[in-house]
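Here's the structure, in structure tokens; my notes come after.
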Amino acid sequence: MTEPQHGDRSHSPGPSLYPIGFAAGIACILVGLIINPTVVAPIGAVIALISGFFWARDATKEFRSEPVAAIEPERGGPRESTAAPAVPADRGEAAMPEPEPGERFPRSRFLEGATLGLGGVIGGLVTVPAVGFMIVPAFRDQGYPKVDLGPLENFTEGKWFVTKFFMNPDAGEVSHRTAYIRNNGQLNGEPSFTIISNRCAHLGCPAQPNGPTQDNQTKEVDLPKGQKVTMIPVIPAGGYGCPCHGGQYDTEGNRVSGPPVRALDRYAFEIVDGRLVLGKPYSVSHVKGEGRDARIYKYNLAGPGQHVDGWEQILYPLQPPH
Amino acid sequence: MATATRNKKSARRRQLEAAVNYPIDWLEERSGLIGGLRYFLFRKVPGDTGWWHTLGSATLTAFLVQALTGVILAMYYKPDPQNAYQSIQHITNDLTLGWLVRGMHKWGASVFIILMFFHMGRVFLFGAYKYPRELNWIIGVTLLAVGMLEGFTGYLLPWDQTAYWATVVGINLNGTAPFLGPFLANFLRGGAEIGQNTLSIFYSMHMLLIPGLIFALIGLHLYLVIRLGVSSPPWSREAAGSDYDADEQATDGRVGLTQPVARSGWRRNGGDV
């Protein structure tokens, strides 16, 4: 690989100690300003000035005087050859020697592979965690907090309440949720509640009760941490309807007409110290019967618009954790 | 005549020209950028291109307006659920000219989408998507999809009731896609429920991820436009077709641009499009 040199010579000034002296002088000034401004700093200044002067003189030598040596111009054109006249490319010996038989994997190939491979590894090391961070948190089981809805006595037996609460009080208004709740009285000695989510089973708009709300009888339940649950009595005589695309449900949340694919979702609940506590929501394909005698066809929570029964359920075989 | 004018130039004028040209030449010698720009701006196009051919650059202009106004809006917008709505109100009602910049961004978004459709319609009706420009059609369709995703993510940012419920419906609509739909919806929401993260995810996608993608795709789109040349309208008399045309044009020095490249002599001319 040795090419003939045509008197190549470095054009830049040769190595010099003056810049180092200059830097030392500056450092001396800075240190001197702290420890002894009257003696050490001026010494540093002198060193810096002298070194700087010689450095500048060195560096500008070329411009102030004749160049030290003339640079030999590079000549273009083919170099004169002393060998025999050129042989056409397709005849004669190969211009490059054949590779040694053992050299199946030349160094350049190795270097190319190493560069690409290392680059790929480094890129992967950076990208994989970043993309993982982008995607994975959304799929961790974030769970549903248990929401205290206040004492049981507030829920008059046989009456519906529009109940508004905060799923996650720290998140503020964005966690505002609404459920339609009815106390069904006792079932086998235990309290029975119907708790229907207002999330439309079509595309998730808020379904509204088809009937009058009695706003003047609104109850506000104060919770320990300064949160509030708002309860508005309602008579959903005509069931529920969604304003967005016109889905209609009966009072138990069964789909009556319109685009929804199943009944309204419901919430699990438990009674803790005489208070109604909301649990995880679940999906419902349909409900037979009414109130405490209702037979609920229950499924894992699915997003709005996703079938949970019928042949269409094969379209949604997997659900991310809810 | 030209020689006479040149001779009349005073020494001072020549000095001035040299002073103006020096930095340009300096840049050109080291980067070739000036030549590239000149090649881009003054390249030859078919003689009968008209107003229809301006829809692409109109779309580009609309996008640049969105990019500029968006960057400025980002200086005052606060992407968290507690402050987003108030910051938009602040931009619109309190800040000097805030109403104008927000209005430009809001209405400009529709202009951008509409112009994309007009541009696509023009390309379709002119048959300009045919060989060798199929790849540019595909890139253009990708740009359309990505541009609409930009509209979708931007729609949430005002964080009012319309924005919120439109996004709820939009995400759930994605969720109804078979098999992977529920996962896509979870990713867009940043979890099982719309919450604090949803707004910042949409904000990041709207102002970083998708615009970057659009810039990159526009770069590719323009590269192919320049490489392949602009196609003539279908009614062009210089249009591709007969060999007679091609041969005639091969002699008048405008080949490769006056007609679809495939049938022109662009290879005969060394691929110099």
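To be explicit about the labels: the chains of the structure tokens are called A, B, and onward in the order shown, and within each one the residues are counted from 1, while ligands get numbers from 1 in the order they are shown.
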Proximal residues of chain B relative to chain A (only C-alpha atoms; 7 Å) as a PyMOL selection string: chain B and resi 165+168-169+172-173+175-176+178-179+182-183+186-187+190-192+195-196
Can I get the selected residues back with C-alpha atoms, as a PDB file, in the first residue's frame?
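And here is the file that came out, result13.pdb:
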```pdb
ATOM      1  CA  TRP B 165     -64.949  13.398  23.596  1.00  0.00           C
ATOM      2  CA  VAL B 168     -62.431   9.303  23.378  1.00  0.00           C
ATOM      3  CA  VAL B 169     -64.409   8.290  20.306  1.00  0.00           C
ATOM      4  CA  ASN B 172     -62.148   3.704  20.920  1.00  0.00           C
ATOM      5  CA  LEU B 173     -62.663   3.576  17.180  1.00  0.00           C
ATOM      6  CA  GLY B 175     -59.746   0.004  19.642  1.00  0.00           C
ATOM      7  CA  THR B 176     -62.367  -1.774  17.561  1.00  0.00           C
ATOM      8  CA  PRO B 178     -59.569  -6.612  15.032  1.00  0.00           C
ATOM      9  CA  PHE B 179     -56.872  -8.351  17.075  1.00  0.00           C
ATOM     10  CA  PRO B 182     -57.334  -2.992  21.936  1.00  0.00           C
ATOM     11  CA  PHE B 183     -53.549  -2.714  22.223  1.00  0.00           C
ATOM     12  CA  ASN B 186     -54.121   1.263  25.170  1.00  0.00           C
ATOM     13  CA  PHE B 187     -50.966   2.727  23.676  1.00  0.00           C
ATOM     14  CA  GLY B 190     -51.176   5.531  27.862  1.00  0.00           C
ATOM     15  CA  GLY B 191     -53.171   2.956  29.829  1.00  0.00           C
ATOM     16  CA  ALA B 192     -56.607   1.491  30.195  1.00  0.00           C
ATOM     17  CA  GLY B 195     -55.826  10.166  31.970  1.00  0.00           C
ATOM     18  CA  GLN B 196     -52.995  12.555  32.599  1.00  0.00           C
TER      19      GLN B 196
END
```
Atom-to-atom span, CA of Val277 (chain A) and CA of Asp148 (chain A), Å: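 If I compute the distance from CA of Val277 (chain A) to CA of Asp148 (chain A), I get 4.6 Å.
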Point-to-point distance in Å for CA of Gly170 (chain B) and CA of Trp311 (chain A): 24.6 Å
Atomic separation - CA of Phe22 (chain A) relative to CA of Ile35 (chain A), Å: 19.8 Å
Proximity to Pro224 (chain A) - best of A:Gly150, A:Gly117, A:Gly52, A:Pro15, only C-alpha atoms: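 The answer is A:Gly150, which sits nearest to Pro224 (chain A).
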Would you list the contacts of Pro158 (chain B) as a short mmCIF file (atom, residue, chain, number, x, y, z; two decimals) with N, CA and C atoms, in the first residue's frame, taking every protein, DNA or RNA residue within 12 Å and counting only C-alpha atoms, but skipping same-chain residues closer than 6 positions in sequence?
```
data_model
loop_
_atom_site.label_atom_id
_atom_site.label_comp_id
_atom_site.auth_asym_id
_atom_site.auth_seq_id
_atom_site.Cartn_x
_atom_site.Cartn_y
_atom_site.Cartn_z
N LEU B 73 -46.67 28.41 19.25
CA LEU B 73 -47.72 28.07 20.22
C LEU B 73 -47.15 27.24 21.37
N TYR B 77 -48.09 27.05 25.40
CA TYR B 77 -49.06 26.01 25.73
C TYR B 77 -48.52 25.13 26.86
N LYS B 78 -49.41 24.71 27.76
CA LYS B 78 -48.98 23.85 28.87
C LYS B 78 -49.71 22.51 28.78
N PRO B 79 -48.99 21.46 28.42
CA PRO B 79 -49.66 20.19 28.12
C PRO B 79 -49.97 19.35 29.36
N ASP B 80 -50.66 19.88 30.35
CA ASP B 80 -51.12 18.97 31.40
C ASP B 80 -52.58 19.28 31.70
N PRO B 81 -53.31 18.27 32.17
CA PRO B 81 -54.77 18.39 32.26
C PRO B 81 -55.24 19.59 33.08
N GLN B 82 -54.47 19.99 34.09
CA GLN B 82 -54.93 21.09 34.93
C GLN B 82 -54.79 22.43 34.22
N ASN B 83 -53.81 22.57 33.31
CA ASN B 83 -53.50 23.89 32.76
C ASN B 83 -53.75 24.05 31.27
N ALA B 84 -53.98 22.94 30.57
CA ALA B 84 -54.03 23.02 29.11
C ALA B 84 -55.11 23.99 28.64
N TYR B 85 -56.33 23.81 29.15
CA TYR B 85 -57.44 24.66 28.68
C TYR B 85 -57.17 26.12 29.00
N GLN B 86 -56.72 26.39 30.24
CA GLN B 86 -56.46 27.77 30.63
C GLN B 86 -55.36 28.39 29.76
N SER B 87 -54.33 27.59 29.44
CA SER B 87 -53.23 28.18 28.65
C SER B 87 -53.71 28.52 27.25
N ILE B 88 -54.62 27.72 26.71
CA ILE B 88 -55.17 28.05 25.39
C ILE B 88 -56.00 29.33 25.47
N GLN B 89 -56.79 29.44 26.54
CA GLN B 89 -57.56 30.68 26.72
C GLN B 89 -56.63 31.88 26.84
N HIS B 90 -55.54 31.66 27.56
CA HIS B 90 -54.56 32.73 27.75
C HIS B 90 -53.96 33.15 26.40
N ILE B 91 -53.58 32.16 25.60
CA ILE B 91 -53.02 32.46 24.28
C ILE B 91 -54.03 33.25 23.44
N THR B 92 -55.29 32.79 23.47
CA THR B 92 -56.29 33.40 22.60
C THR B 92 -56.69 34.79 23.07
N ARG B 102 -52.84 31.31 16.90
CA ARG B 102 -53.64 30.11 17.15
C ARG B 102 -54.63 29.89 16.01
N LYS B 106 -54.98 26.65 13.76
CA LYS B 106 -56.24 25.89 13.76
C LYS B 106 -56.82 25.77 12.35
N TYR B 164 -62.01 16.50 24.08
CA TYR B 164 -61.94 15.31 24.92
C TYR B 164 -62.79 14.18 24.34
N TRP B 165 -64.07 14.48 24.03
CA TRP B 165 -64.95 13.40 23.60
C TRP B 165 -64.62 12.95 22.18
N ALA B 166 -64.16 13.86 21.34
CA ALA B 166 -63.73 13.45 20.00
C ALA B 166 -62.58 12.46 20.11
N THR B 167 -61.68 12.72 21.07
CA THR B 167 -60.54 11.84 21.23
C THR B 167 -60.96 10.50 21.85
N LEU B 199 -52.80 13.18 27.43
CA LEU B 199 -52.57 14.50 26.85
C LEU B 199 -51.10 14.69 26.49
N PHE B 202 -50.14 12.60 23.43
CA PHE B 202 -50.63 13.21 22.20
C PHE B 202 -49.81 14.45 21.85
N TYR B 203 -49.45 15.21 22.88
CA TYR B 203 -48.67 16.42 22.64
C TYR B 203 -47.31 16.07 22.04
#
```
Contacts of region 147-155 of chain B within 10 Å, only C-alpha atoms, excl. fewer than 2 positions in-chain, as a compact mmCIF listing (two decimals) with N, CA and C atoms, in the first residue's frame:
```
# COMPACT_ATOMS: atom_id res chain seq x y z
N PHE B 63 -47.90 23.28 5.25
CA PHE B 63 -47.24 22.54 6.32
C PHE B 63 -46.21 23.41 7.02
N LYS B 106 -54.98 26.65 13.76
CA LYS B 106 -56.24 25.89 13.76
C LYS B 106 -56.82 25.77 12.35
N ALA B 109 -54.60 23.99 9.73
CA ALA B 109 -54.63 22.53 9.77
C ALA B 109 -55.60 22.00 8.73
N SER B 110 -56.78 22.63 8.67
CA SER B 110 -57.77 22.19 7.68
C SER B 110 -57.26 22.47 6.27
N PHE B 112 -54.23 22.53 5.24
CA PHE B 112 -53.20 21.53 4.92
C PHE B 112 -53.84 20.23 4.45
N ILE B 113 -54.83 19.76 5.21
CA ILE B 113 -55.47 18.49 4.85
C ILE B 113 -56.19 18.62 3.50
N MET B 116 -53.80 18.68 0.67
CA MET B 116 -53.25 17.35 0.40
C MET B 116 -54.20 16.57 -0.51
N VAL B 141 -49.17 8.96 -0.18
CA VAL B 141 -50.29 8.39 0.58
C VAL B 141 -49.89 8.24 2.05
N THR B 142 -48.62 7.85 2.29
CA THR B 142 -48.14 7.78 3.66
C THR B 142 -48.21 9.16 4.31
N LEU B 143 -47.81 10.17 3.55
CA LEU B 143 -47.88 11.54 4.08
C LEU B 143 -49.32 11.91 4.42
N LEU B 144 -50.26 11.48 3.59
CA LEU B 144 -51.67 11.78 3.86
C LEU B 144 -52.09 11.15 5.18
N ALA B 145 -51.73 9.87 5.35
CA ALA B 145 -52.11 9.17 6.59
C ALA B 145 -51.46 9.82 7.80
N LEU B 157 -55.54 18.73 21.94
CA LEU B 157 -54.74 19.66 22.76
C LEU B 157 -55.53 20.81 23.38
N PRO B 158 -56.57 21.38 22.73
CA PRO B 158 -57.32 22.44 23.41
C PRO B 158 -57.96 21.97 24.71
N TRP B 159 -58.16 20.66 24.86
CA TRP B 159 -58.61 20.06 26.12
C TRP B 159 -59.94 20.64 26.57
N ASP B 160 -60.82 20.87 25.61
CA ASP B 160 -62.19 21.24 25.97
C ASP B 160 -63.08 20.02 25.74
N THR B 162 -65.28 19.24 23.42
CA THR B 162 -65.24 18.71 22.06
C THR B 162 -63.98 17.88 21.85
N ALA B 163 -62.84 18.46 22.26
CA ALA B 163 -61.56 17.78 22.07
C ALA B 163 -61.56 16.46 22.81
N TYR B 164 -62.01 16.50 24.08
CA TYR B 164 -61.94 15.31 24.92
C TYR B 164 -62.79 14.18 24.34
N ALA B 166 -64.16 13.86 21.34
CA ALA B 166 -63.73 13.45 20.00
C ALA B 166 -62.58 12.46 20.11
N THR B 167 -61.68 12.72 21.07
CA THR B 167 -60.54 11.84 21.23
C THR B 167 -60.96 10.50 21.85
N GLY B 170 -62.38 8.71 19.03
CA GLY B 170 -61.33 8.35 18.07
C GLY B 170 -60.48 7.19 18.56
N ILE B 171 -60.11 7.23 19.84
CA ILE B 171 -59.28 6.14 20.39
C ILE B 171 -60.08 4.85 20.42
N LEU B 188 -52.38 4.50 22.77
CA LEU B 188 -52.75 5.90 22.56
C LEU B 188 -53.19 6.55 23.87
N LEU B 199 -52.80 13.18 27.43
CA LEU B 199 -52.57 14.50 26.85
C LEU B 199 -51.10 14.69 26.49
N ILE B 201 -48.87 12.37 25.90
CA ILE B 201 -48.50 11.48 24.79
C ILE B 201 -48.93 12.10 23.47
N PHE B 202 -50.14 12.60 23.43
CA PHE B 202 -50.63 13.21 22.20
C PHE B 202 -49.81 14.45 21.85
N TYR B 203 -49.45 15.21 22.88
CA TYR B 203 -48.67 16.42 22.64
C TYR B 203 -47.31 16.07 22.04
N SER B 204 -46.66 15.08 22.63
CA SER B 204 -45.35 14.68 22.13
C SER B 204 -45.44 14.15 20.70
N MET B 205 -46.46 13.34 20.45
CA MET B 205 -46.61 12.84 19.08
C MET B 205 -46.90 13.98 18.12
N HIS B 206 -47.75 14.92 18.57
CA HIS B 206 -48.19 15.99 17.68
C HIS B 206 -47.05 16.95 17.34
N MET B 207 -46.16 17.20 18.29
CA MET B 207 -45.16 18.24 18.00
C MET B 207 -43.76 17.68 17.76
N LEU B 209 -42.83 13.67 17.26
CA LEU B 209 -42.72 12.44 16.50
C LEU B 209 -43.25 12.60 15.07
N ILE B 210 -44.51 13.03 14.96
CA ILE B 210 -45.13 13.07 13.64
C ILE B 210 -44.55 14.17 12.75
N PRO B 211 -44.32 15.39 13.27
CA PRO B 211 -43.70 16.39 12.38
C PRO B 211 -42.34 15.94 11.86
N LEU B 213 -41.43 12.92 11.26
CA LEU B 213 -41.75 11.95 10.22
C LEU B 213 -42.18 12.66 8.94
N ILE B 214 -43.02 13.69 9.10
CA ILE B 214 -43.52 14.41 7.92
C ILE B 214 -42.37 15.10 7.20
```
Non-local contacts of Glu290 (chain A) (10 Å; only C-alpha atoms; under 2 positions in same chain excluded) as a ChimeraX atom specification: /A:184,194,251-252,287-288,292-296
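Of the residues listed (A:Cys200, A:Val162, A:Val261, A:Ala268), A:Val162 shows the shortest atom-to-atom separation from Gln217 (chain A); distances use only C-alpha atoms.
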